[in-house]
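Pasting start22.txt here (compact mmCIF, C-alpha atoms):
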```
# COMPACT_ATOMS: atom_id res chain seq x y z
CA MET A 1 194.49 -107.56 -51.24
CA ALA A 2 195.17 -104.08 -52.62
CA PRO A 3 194.57 -101.11 -50.33
CA ALA A 4 191.02 -99.65 -50.51
CA SER A 5 192.45 -96.37 -51.83
CA THR A 6 193.70 -98.02 -55.03
CA ILE A 7 191.37 -97.87 -58.07
CA PRO A 8 190.83 -101.35 -59.56
CA THR A 9 192.80 -101.51 -62.78
CA ASP A 10 190.12 -103.44 -64.69
CA ALA A 11 187.47 -100.84 -63.82
CA SER A 12 189.83 -98.00 -64.68
CA ALA A 13 190.69 -99.56 -68.03
CA ALA A 14 186.99 -100.03 -68.87
CA VAL A 15 185.93 -96.49 -67.93
CA LEU A 16 189.01 -94.53 -68.96
CA LYS A 17 189.63 -96.19 -72.31
CA PRO A 18 191.71 -93.84 -74.48
CA SER A 19 190.26 -92.56 -77.77
CA GLU A 20 191.79 -92.55 -81.19
CA PRO A 21 192.44 -89.00 -82.48
CA MET A 22 189.57 -87.46 -84.44
CA PRO A 23 190.27 -86.92 -88.16
CA ASP A 24 190.88 -83.41 -89.45
CA PHE A 25 187.56 -83.38 -91.33
CA ALA A 26 185.45 -84.14 -88.24
CA VAL A 27 182.80 -81.47 -87.46
CA SER A 28 182.02 -80.60 -83.86
CA VAL A 29 178.47 -80.29 -82.54
CA GLU A 30 177.31 -76.70 -82.10
CA GLY A 31 173.89 -75.08 -81.91
CA PRO A 32 172.71 -71.59 -82.93
CA ASN A 33 173.89 -68.61 -80.87
CA PHE A 34 170.86 -66.55 -79.87
CA GLU A 35 173.14 -63.98 -78.24
CA GLU A 36 173.64 -62.76 -81.83
CA GLU A 37 171.04 -61.69 -84.35
CA VAL A 38 169.73 -64.89 -85.94
CA THR A 39 167.99 -64.67 -89.31
CA LEU A 40 165.99 -67.57 -90.69
CA GLN A 41 168.82 -68.42 -93.08
CA LYS A 42 171.43 -68.39 -90.29
CA LEU A 43 169.19 -70.59 -88.16
CA LEU A 44 168.74 -73.13 -90.95
CA GLU A 45 172.48 -73.08 -91.68
CA SER A 46 173.08 -73.96 -88.02
CA TYR A 47 170.99 -77.15 -88.39
CA LYS A 48 173.97 -78.85 -90.03
CA ARG A 49 175.78 -78.95 -86.67
CA ILE A 50 172.91 -79.52 -84.22
CA GLY A 51 172.74 -83.28 -84.78
CA PHE A 52 169.93 -85.85 -85.12
CA GLN A 53 167.16 -84.88 -87.59
CA ALA A 54 168.26 -81.23 -87.67
CA ASN A 55 171.51 -82.49 -89.17
CA SER A 56 169.52 -84.52 -91.74
CA LEU A 57 167.49 -81.44 -92.69
CA GLY A 58 170.70 -79.46 -93.11
CA LYS A 59 171.99 -82.15 -95.46
CA ALA A 60 168.67 -82.15 -97.36
CA ILE A 61 169.01 -78.40 -97.89
CA ASP A 62 172.51 -78.87 -99.31
CA ILE A 63 171.36 -81.64 -101.65
CA VAL A 64 168.40 -79.64 -102.98
CA ASN A 65 170.64 -76.64 -103.61
CA LYS A 66 172.98 -78.90 -105.59
CA MET A 67 170.00 -80.08 -107.66
CA ARG A 68 169.17 -76.47 -108.39
CA LYS A 69 172.66 -75.32 -109.26
CA TRP A 70 173.83 -78.18 -111.47
CA ARG A 71 174.30 -77.51 -115.18
CA LEU A 72 175.57 -79.84 -117.87
CA SER A 73 178.26 -77.23 -118.54
CA ASP A 74 179.72 -78.22 -115.14
CA GLU A 75 180.76 -81.52 -116.71
CA PRO A 76 183.49 -82.15 -119.33
CA ILE A 77 182.26 -83.10 -122.78
CA ALA A 78 182.38 -86.88 -123.06
CA ALA A 79 183.99 -88.52 -126.08
CA ASP A 80 180.66 -90.08 -127.05
CA GLU A 81 178.53 -86.97 -126.35
CA SER A 82 175.60 -86.55 -128.73
CA GLU A 83 175.55 -83.57 -131.11
CA GLU A 84 172.50 -82.26 -129.26
CA TYR A 85 174.62 -81.44 -126.20
CA ILE A 86 177.85 -80.10 -127.72
CA SER A 87 176.85 -76.43 -127.83
CA PRO A 88 178.09 -74.42 -124.80
CA GLU A 89 174.75 -72.58 -124.67
CA VAL A 90 172.78 -75.83 -124.65
CA ARG A 91 175.01 -77.26 -121.93
CA ALA A 92 174.65 -74.13 -119.81
CA ASN A 93 170.85 -74.38 -120.06
CA THR A 94 170.57 -78.12 -119.39
CA LYS A 95 169.57 -78.51 -115.74
CA CYS A 96 168.84 -81.27 -113.30
CA ASN A 97 165.25 -82.48 -113.65
CA VAL A 98 163.51 -82.38 -110.28
CA PHE A 99 160.81 -85.00 -109.63
CA LEU A 100 158.49 -84.03 -106.75
CA GLY A 101 156.27 -86.58 -105.03
CA TYR A 102 153.80 -86.09 -102.19
CA THR A 103 150.86 -87.78 -100.52
CA SER A 104 147.31 -86.46 -100.63
CA ASN A 105 147.18 -85.20 -97.03
CA LEU A 106 149.85 -82.63 -97.83
CA ILE A 107 147.62 -80.96 -100.43
CA SER A 108 144.86 -80.98 -97.78
CA SER A 109 147.31 -79.16 -95.49
CA GLY A 110 148.87 -75.76 -95.94
CA LEU A 111 151.79 -77.32 -97.84
CA ARG A 112 149.54 -76.92 -100.88
CA GLU A 113 150.57 -73.27 -101.12
CA ILE A 114 154.26 -74.21 -100.99
CA ILE A 115 153.80 -76.81 -103.71
CA LEU A 116 151.90 -74.21 -105.75
CA PHE A 117 154.87 -71.84 -105.40
CA LEU A 118 157.24 -74.51 -106.72
CA VAL A 119 155.01 -75.28 -109.71
CA LYS A 120 154.18 -71.65 -110.49
CA HIS A 121 157.86 -70.74 -110.63
CA LYS A 122 158.89 -73.88 -112.54
CA HIS A 123 161.15 -75.22 -109.79
CA VAL A 124 160.05 -78.81 -110.51
CA ASN A 125 159.88 -80.73 -113.77
CA ALA A 126 157.42 -83.50 -112.91
CA ILE A 127 155.01 -84.42 -110.12
CA VAL A 128 153.75 -87.77 -108.89
CA THR A 129 150.93 -87.88 -106.36
CA THR A 130 147.81 -89.81 -105.41
CA ALA A 131 144.14 -89.26 -106.30
CA GLY A 132 143.59 -87.24 -103.13
CA GLY A 133 146.61 -85.12 -104.01
CA ILE A 134 144.77 -84.14 -107.20
CA GLU A 135 141.15 -83.76 -106.10
CA GLU A 136 141.84 -81.91 -102.84
CA ASP A 137 143.51 -79.12 -104.81
CA PHE A 138 140.42 -78.60 -106.96
CA ILE A 139 138.07 -79.07 -104.01
CA LYS A 140 139.89 -76.26 -102.17
CA CYS A 141 139.03 -73.99 -105.09
CA LEU A 142 135.35 -74.80 -104.48
CA GLY A 143 135.22 -74.73 -100.66
CA LYS A 144 137.44 -74.32 -97.60
CA THR A 145 139.25 -76.94 -95.53
CA TYR A 146 139.29 -76.11 -91.80
CA LEU A 147 141.56 -76.67 -88.80
CA ALA A 148 140.08 -79.04 -86.22
CA ASP A 149 141.39 -81.69 -83.79
CA PHE A 150 142.70 -85.26 -83.98
CA ASN A 151 140.35 -86.33 -81.17
CA LEU A 152 136.94 -85.43 -82.63
CA ASP A 153 134.34 -88.20 -82.49
CA GLY A 154 134.10 -89.98 -85.85
CA ALA A 155 130.45 -91.02 -85.51
CA ASP A 156 129.42 -87.46 -84.62
CA LEU A 157 131.37 -86.06 -87.58
CA ARG A 158 129.71 -88.57 -89.91
CA ARG A 159 126.26 -87.54 -88.65
CA ARG A 160 127.12 -83.89 -89.37
CA GLY A 161 128.59 -84.56 -92.83
CA MET A 162 132.15 -83.62 -91.83
CA ASN A 163 135.20 -85.55 -93.08
CA ARG A 164 138.32 -85.57 -90.90
CA ILE A 165 141.87 -85.62 -92.31
CA GLY A 166 144.05 -85.77 -89.19
CA ASN A 167 143.30 -82.50 -87.43
CA LEU A 168 141.63 -80.96 -90.49
CA ILE A 169 137.93 -80.99 -91.45
CA VAL A 170 136.44 -80.97 -94.96
CA PRO A 171 132.65 -80.43 -95.13
CA ASN A 172 131.12 -83.13 -97.33
CA ASP A 173 129.32 -80.39 -99.28
CA ASN A 174 132.73 -79.65 -100.82
CA TYR A 175 132.69 -83.08 -102.47
CA CYS A 176 129.16 -82.48 -103.73
CA LYS A 177 130.39 -79.23 -105.31
CA PHE A 178 133.27 -81.19 -106.80
CA GLU A 179 130.86 -83.63 -108.46
CA ASP A 180 128.80 -80.75 -109.88
CA TRP A 181 131.98 -79.21 -111.33
CA LEU A 182 133.55 -82.44 -112.58
CA THR A 183 130.62 -84.23 -114.22
CA PRO A 184 130.22 -81.85 -117.22
CA ILE A 185 133.99 -82.08 -117.80
CA LEU A 186 133.80 -85.88 -117.85
CA ASP A 187 130.92 -85.61 -120.35
CA ALA A 188 133.01 -83.36 -122.58
CA MET A 189 136.06 -85.65 -122.34
CA LEU A 190 133.96 -88.66 -123.28
CA ALA A 191 132.51 -86.78 -126.25
CA GLU A 192 136.02 -85.86 -127.44
CA GLN A 193 137.11 -89.46 -127.03
CA LYS A 194 134.25 -90.65 -129.24
CA GLU A 195 134.53 -87.88 -131.82
CA THR A 196 138.30 -87.58 -132.24
CA GLY A 197 139.71 -90.79 -130.79
CA THR A 198 141.42 -88.92 -127.97
CA VAL A 199 143.13 -91.33 -125.59
CA TRP A 200 143.08 -89.89 -122.08
CA THR A 201 145.85 -90.71 -119.63
CA PRO A 202 145.91 -89.76 -115.94
CA SER A 203 148.33 -86.92 -116.73
CA SER A 204 146.27 -85.54 -119.66
CA PHE A 205 143.14 -85.93 -117.50
CA ILE A 206 144.77 -83.83 -114.75
CA ARG A 207 146.05 -81.31 -117.28
CA ARG A 208 142.49 -80.88 -118.58
CA LEU A 209 141.17 -80.31 -115.06
CA GLY A 210 143.92 -77.74 -114.46
CA LYS A 211 142.80 -75.90 -117.58
CA GLU A 212 139.12 -76.10 -116.63
CA ILE A 213 139.55 -74.84 -113.06
CA ASN A 214 141.14 -71.64 -114.41
CA ASN A 215 142.05 -70.53 -110.89
CA GLU A 216 145.47 -69.25 -109.84
CA GLU A 217 144.95 -70.78 -106.37
CA SER A 218 145.22 -74.26 -107.94
CA VAL A 219 148.50 -76.18 -108.12
CA TYR A 220 147.33 -77.94 -111.27
CA TYR A 221 146.26 -74.75 -112.99
CA TRP A 222 149.94 -73.74 -112.82
CA ALA A 223 151.05 -77.21 -113.89
CA TYR A 224 148.81 -76.78 -116.96
CA LYS A 225 150.09 -73.24 -117.63
CA ASN A 226 153.75 -74.27 -117.26
CA ASP A 227 153.41 -77.62 -119.04
CA ILE A 228 154.61 -79.60 -116.01
CA PRO A 229 153.34 -83.20 -116.21
CA VAL A 230 151.46 -84.55 -113.18
CA PHE A 231 151.36 -88.34 -112.91
CA CYS A 232 148.82 -90.16 -110.78
CA PRO A 233 149.04 -93.96 -111.11
CA ALA A 234 146.20 -94.42 -108.57
CA LEU A 235 143.85 -91.86 -110.11
CA THR A 236 140.69 -93.73 -109.09
CA ASP A 237 141.66 -94.15 -105.41
CA GLY A 238 139.60 -91.29 -103.99
CA SER A 239 136.76 -88.91 -104.75
CA LEU A 240 137.89 -88.79 -108.39
CA GLY A 241 137.30 -92.53 -108.54
CA ASP A 242 133.86 -92.09 -106.95
CA MET A 243 132.91 -89.52 -109.59
CA ILE A 244 134.25 -91.65 -112.44
CA TYR A 245 132.28 -94.59 -110.99
CA PHE A 246 129.04 -92.55 -110.89
CA HIS A 247 129.73 -91.22 -114.39
CA SER A 248 130.12 -94.78 -115.72
CA PHE A 249 126.42 -95.32 -114.97
CA LYS A 250 125.16 -91.95 -116.22
CA ASN A 251 127.29 -91.76 -119.37
CA PRO A 252 129.46 -94.89 -119.77
CA GLY A 253 132.49 -95.34 -122.01
CA LEU A 254 135.25 -93.05 -120.70
CA VAL A 255 138.66 -94.75 -120.93
CA VAL A 256 141.79 -93.64 -119.06
CA ASP A 257 145.01 -95.35 -120.23
CA ILE A 258 147.82 -95.82 -117.68
CA VAL A 259 150.25 -97.38 -120.17
CA GLN A 260 151.15 -94.16 -121.97
CA ASP A 261 151.79 -92.41 -118.67
CA ILE A 262 154.29 -94.98 -117.41
CA ARG A 263 156.12 -94.59 -120.71
CA ASN A 264 156.05 -90.78 -120.42
CA LEU A 265 157.34 -90.79 -116.83
CA ASN A 266 160.05 -93.37 -117.46
CA GLU A 267 161.22 -91.60 -120.62
CA LEU A 268 161.41 -88.27 -118.80
CA SER A 269 163.63 -89.98 -116.24
CA ARG A 270 165.74 -91.81 -118.83
CA LYS A 271 166.43 -88.68 -120.85
CA SER A 272 167.35 -86.53 -117.81
CA ARG A 273 171.04 -85.68 -117.83
CA ARG A 274 170.75 -85.36 -114.06
CA ALA A 275 167.72 -86.29 -111.97
CA GLY A 276 166.74 -85.44 -108.41
CA MET A 277 163.95 -86.79 -106.24
CA ILE A 278 162.17 -84.86 -103.48
CA ILE A 279 159.58 -87.17 -101.94
CA LEU A 280 157.23 -86.18 -99.12
CA GLY A 281 155.62 -89.24 -97.54
CA GLY A 282 155.52 -92.77 -98.90
CA GLY A 283 153.34 -95.19 -100.83
CA VAL A 284 152.61 -94.78 -104.53
CA CYS A 285 154.27 -91.39 -105.01
CA LYS A 286 157.56 -92.54 -103.44
CA HIS A 287 157.90 -95.82 -105.25
CA GLN A 288 156.65 -94.63 -108.65
CA ILE A 289 159.32 -91.93 -108.82
CA ALA A 290 162.04 -94.23 -107.49
CA ASN A 291 161.07 -96.94 -109.97
CA ALA A 292 161.25 -94.41 -112.82
CA MET A 293 164.80 -93.61 -111.64
CA LEU A 294 165.71 -97.28 -112.13
CA ILE A 295 165.29 -96.76 -115.90
CA ARG A 296 168.33 -94.44 -115.82
CA ASN A 297 170.27 -96.54 -113.28
CA GLY A 298 169.30 -94.36 -110.35
CA ALA A 299 168.72 -90.79 -109.20
CA ASP A 300 171.67 -88.44 -108.77
CA TYR A 301 170.15 -86.57 -105.80
CA SER A 302 167.52 -87.89 -103.40
CA VAL A 303 165.66 -86.35 -100.46
CA TYR A 304 163.03 -88.30 -98.53
CA ILE A 305 160.91 -86.69 -95.83
CA ASN A 306 158.62 -89.05 -93.96
CA THR A 307 157.90 -90.71 -90.63
CA GLY A 308 157.92 -94.31 -91.94
CA GLN A 309 160.04 -96.99 -90.29
CA GLU A 310 161.78 -99.83 -92.11
CA PHE A 311 161.27 -102.68 -89.61
CA ASP A 312 158.10 -103.86 -91.42
CA GLY A 313 159.84 -104.04 -94.80
CA SER A 314 157.63 -101.37 -96.37
CA ASP A 315 158.95 -99.25 -99.21
CA SER A 316 157.36 -96.23 -97.51
CA GLY A 317 159.68 -96.62 -94.53
CA ALA A 318 162.79 -97.68 -96.44
CA ARG A 319 165.92 -95.57 -96.18
CA PRO A 320 167.73 -94.42 -99.34
CA ASP A 321 170.32 -97.20 -99.14
CA GLU A 322 167.62 -99.79 -99.86
CA ALA A 323 166.87 -97.96 -103.13
CA VAL A 324 170.60 -98.09 -103.95
CA SER A 325 170.40 -101.88 -103.81
CA TRP A 326 167.64 -101.80 -106.46
CA GLY A 327 169.43 -99.32 -108.74
CA LYS A 328 166.86 -96.59 -108.00
CA ILE A 329 169.46 -94.31 -106.40
CA ARG A 330 172.96 -94.32 -107.87
CA ALA A 331 175.70 -95.76 -105.71
CA GLY A 332 177.86 -92.92 -104.39
CA SER A 333 175.23 -90.24 -105.10
CA GLU A 334 173.94 -87.82 -102.49
CA SER A 335 170.85 -88.86 -100.57
CA VAL A 336 169.21 -88.36 -97.18
CA LYS A 337 166.08 -89.29 -95.33
CA VAL A 338 164.66 -86.79 -92.85
CA PHE A 339 162.54 -88.61 -90.28
CA ALA A 340 159.91 -85.95 -89.71
CA ASP A 341 156.40 -84.75 -90.48
CA ALA A 342 156.71 -82.93 -93.81
CA THR A 343 154.46 -80.10 -92.58
CA LEU A 344 157.16 -79.26 -90.02
CA VAL A 345 160.26 -79.36 -92.19
CA PHE A 346 159.31 -78.88 -95.86
CA PRO A 347 158.54 -75.15 -95.39
CA LEU A 348 162.02 -74.75 -93.89
CA LEU A 349 163.60 -76.70 -96.73
CA VAL A 350 161.93 -74.54 -99.36
CA ALA A 351 162.76 -71.33 -97.46
CA ALA A 352 166.45 -72.28 -97.57
CA THR A 353 166.46 -73.36 -101.22
CA PHE A 354 163.85 -72.56 -103.87
CA ALA A 355 162.60 -69.42 -102.10
CA GLN A 356 166.07 -67.88 -102.30
CA GLY A 357 165.37 -66.50 -105.76
CA GLU A 358 166.30 -67.26 -109.30
CA THR A 359 170.00 -66.35 -108.95
CA GLN A 360 170.87 -69.89 -107.83
CA ARG A 361 168.99 -71.66 -110.64
```
In structure tokens, write the structure found in this file.
Amino acid sequence: MAPASTIPTDASAAVLKPSEPMPDFAVSVEGPNFEEEVTLQKLLESYKRIGFQANSLGKAIDIVNKMRKWRLSDEPIAADESEEYISPEVRANTKCNVFLGYTSNLISSGLREIILFLVKHKHVNAIVTTAGGIEEDFIKCLGKTYLADFNLDGADLRRRGMNRIGNLIVPNDNYCKFEDWLTPILDAMLAEQKETGTVWTPSSFIRRLGKEINNEESVYYWAYKNDIPVFCPALTDGSLGDMIYFHSFKNPGLVVDIVQDIRNLNELSRKSRRAGMIILGGGVCKHQIANAMLIRNGADYSVYINTGQEFDGSDSGARPDEAVSWGKIRAGSESVKVFADATLVFPLLVAATFAQGETQR
């Protein structure tokens, strides 16, 4: 038996296993130094080396800045390039098309003002959202949404006519005001349909509402002003659907065609020389944009921000690599998923990218 003072060789080999040398490109972990003056930009730059989801946010910032900076003039002229894109001036002005998607709760939250900034300043080229993501913008022009608590009693809120969205409250009177505002517009749209043969799509419907609200506090007012298409495949899944339902009894006949919109969205994707996705949340907005990217064999840049998990097989929780397998994100392209509540990290992402001025566009 070996003396008690001798370390067992098998234990020593297991614990003190030697490492391979780290490659030259390896980056060490390091956090921000608050002994020095730390600006917001320096803090966000430091996220790249903190690790975990901070590292993912740092990567998302880099990817979005690449979306913003890319120009067709960065690429050599291909042998089969079309005449439309031969001119140096045209190539210098051909940018990456940015497709922004978000769920309705984010318009209910204070992210609405950040989305408004992006649309007002033409930082995005197309939007996909849900019915709530449309109506809550207009409803906020008619009445306030208030901070509350996740733990309020649902039955008591119902008795008082208060609707809870997480820890936000929307008085039901706001939806009554929305019906009063919307109904005459639906009447006018139906009349135009009958008189001129106008075929309404969800995007032209939303564009009309953006024109009618005529309020600079509205995201979709700016989408109308800047001719940015807003697609909503599930237009009837919310208060808008309720109002269209009521209107079908009072003044039946309004038709909204989804076929033209899927063509418009897919063609915008197909014709993009470069395409980037920024998707906040999951569900319809995430998959509709990703599926449009399939038409061009995948997005060139992709940023997901959501809290979904993939163990249940949902598209909402899927990581970018699953979209690569479907051809919705190009193999070898830059992509990242930030596992986080968008209200926490999207303001930081925009502060480090789009809010840095027009010099990087």
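Here the selection is built from only C-alpha atoms, and the residues within 12 Å of (174.2, -69.5, -80.6) turn out to be Val29, Glu30, Gly31, Pro32, Asn33, Phe34, Glu35, Glu36, Glu37, Val38, Thr39, Lys42, Leu43, Glu45, Ser46, Tyr47, Arg49 and Ile50 of chain A.
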Write out as a ChimeraX atom specification which residues come within 6 Å of range 244-260 of chain A when counting only C-alpha atoms, dropping same-chain ones fewer than 5 positions away. /A:190,200-201
Can you pull out every residue within 8 Å of Phe178 in chain A, counting only C-alpha atoms, but drop anything in the same chain fewer than 5 positions away, and send it as a list in words?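 With the cut-off at 8 Å, the set is Phe138, Ile139 and Leu142 of chain A.
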Just the number, please: distance in Å from CA of Phe150 in chain A to CA of Gly166 in chain A, one decimal.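 Separating CA of Phe150 in chain A from CA of Gly166 in chain A is a distance of 5.4 Å.
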Have a look at A:Arg68, A:Gln309, A:Val128, A:Gly143 and name the one nearest to Ala292 in chain A; count all atoms listed in the file.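 For Ala292 in chain A, the nearest of the candidates is A:Val128.
Nearest residue to Ser335 in chain A among A:Ser56, A:Thr129, A:Gln288, A:Asn214 is A:Ser56, counting all atoms listed in the file.
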Gap from CA of Phe52 in chain A to CA of Tyr304 in chain A - Å, one decimal: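 If I compute the distance from CA of Phe52 in chain A to CA of Tyr304 in chain A, I get 15.3 Å.
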In Å, rounded to a single decimal, give me how far CA of Leu344 in chain A is from CA of Asp312 in chain A.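 Answer for the CA of Asp312 in chain A to CA of Leu344 in chain A separation: 24.7 Å.
Counting only C-alpha atoms and comparing A:Gln41, A:Thr353, A:Thr183, A:Ser218, the residue that lies closest to Lys140 in chain A is A:Ser218.
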Nearest-residue call for Pro233 in chain A, choices A:Val199, A:Val324, A:Ile127, A:Ala299, using all atoms listed in the file: A:Ile127
List every protein, DNA or RNA residue that has an atom no more than 8 Å from (155.0, -88.5, -93.5) in the file's coordinate frame, counting all atoms listed in the file, and report them as a list in words.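 Collected hits near the coordinates: Leu280, Gly281, Gly282, Ile305, Asn306, Thr307, Gly308, Ala340, Asp341 and Ala342 of chain A.
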Pick from A:Met243, A:Ala26, A:Leu57, A:Val98, whichever lies nearest to His123 in chain A using all atoms listed in the file: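 Using all atoms listed in the file, the shortest distance to His123 in chain A belongs to A:Val98.
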Find the residues around Asn93 in chain A up to 8 Å (only C-alpha atoms counted), leave out those fewer than 2 positions away in its own chain, and share them as a ChimeraX atom specification. /A:71-72,89-91,95
Those residues you just picked out, can you put them in a file as a tab-separated table (two decimals), keeping the file's coordinate frame with C-alpha atoms?
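In the end it all went to selection-v8.tsv:
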```
chain	number	residue	atom	x	y	z
A	71	ARG	CA	174.30	-77.51	-115.18
A	72	LEU	CA	175.57	-79.84	-117.87
A	89	GLU	CA	174.75	-72.58	-124.67
A	90	VAL	CA	172.78	-75.83	-124.65
A	91	ARG	CA	175.01	-77.26	-121.93
A	95	LYS	CA	169.57	-78.51	-115.74
```
Nearby residues (only C-alpha atoms) at most 8 Å from Thr343 in chain A, same-chain spacing under 3 positions excluded, as an MDAnalysis selection string: chainID A and resid 106 109:111 346:347
Can you tell me which residues surround Leu152 in chain A at a distance of at most 10 Å, considering all atoms listed in the file, apart from same-chain residues fewer than 6 positions away, and format the answer as JSON, numbers by chain? {"A": [164, 166, 167, 169]}
Please, could you write that set of residues out with C-alpha atoms as an mmCIF file, in the frame of the given file?
```cif
data_model
loop_
_atom_site.group_PDB
_atom_site.id
_atom_site.type_symbol
_atom_site.label_atom_id
_atom_site.label_comp_id
_atom_site.auth_asym_id
_atom_site.auth_seq_id
_atom_site.Cartn_x
_atom_site.Cartn_y
_atom_site.Cartn_z
ATOM 1 C CA ARG A 164 138.320 -85.570 -90.900
ATOM 2 C CA GLY A 166 144.050 -85.770 -89.190
ATOM 3 C CA ASN A 167 143.300 -82.500 -87.430
ATOM 4 C CA ILE A 169 137.930 -80.990 -91.450
#
```
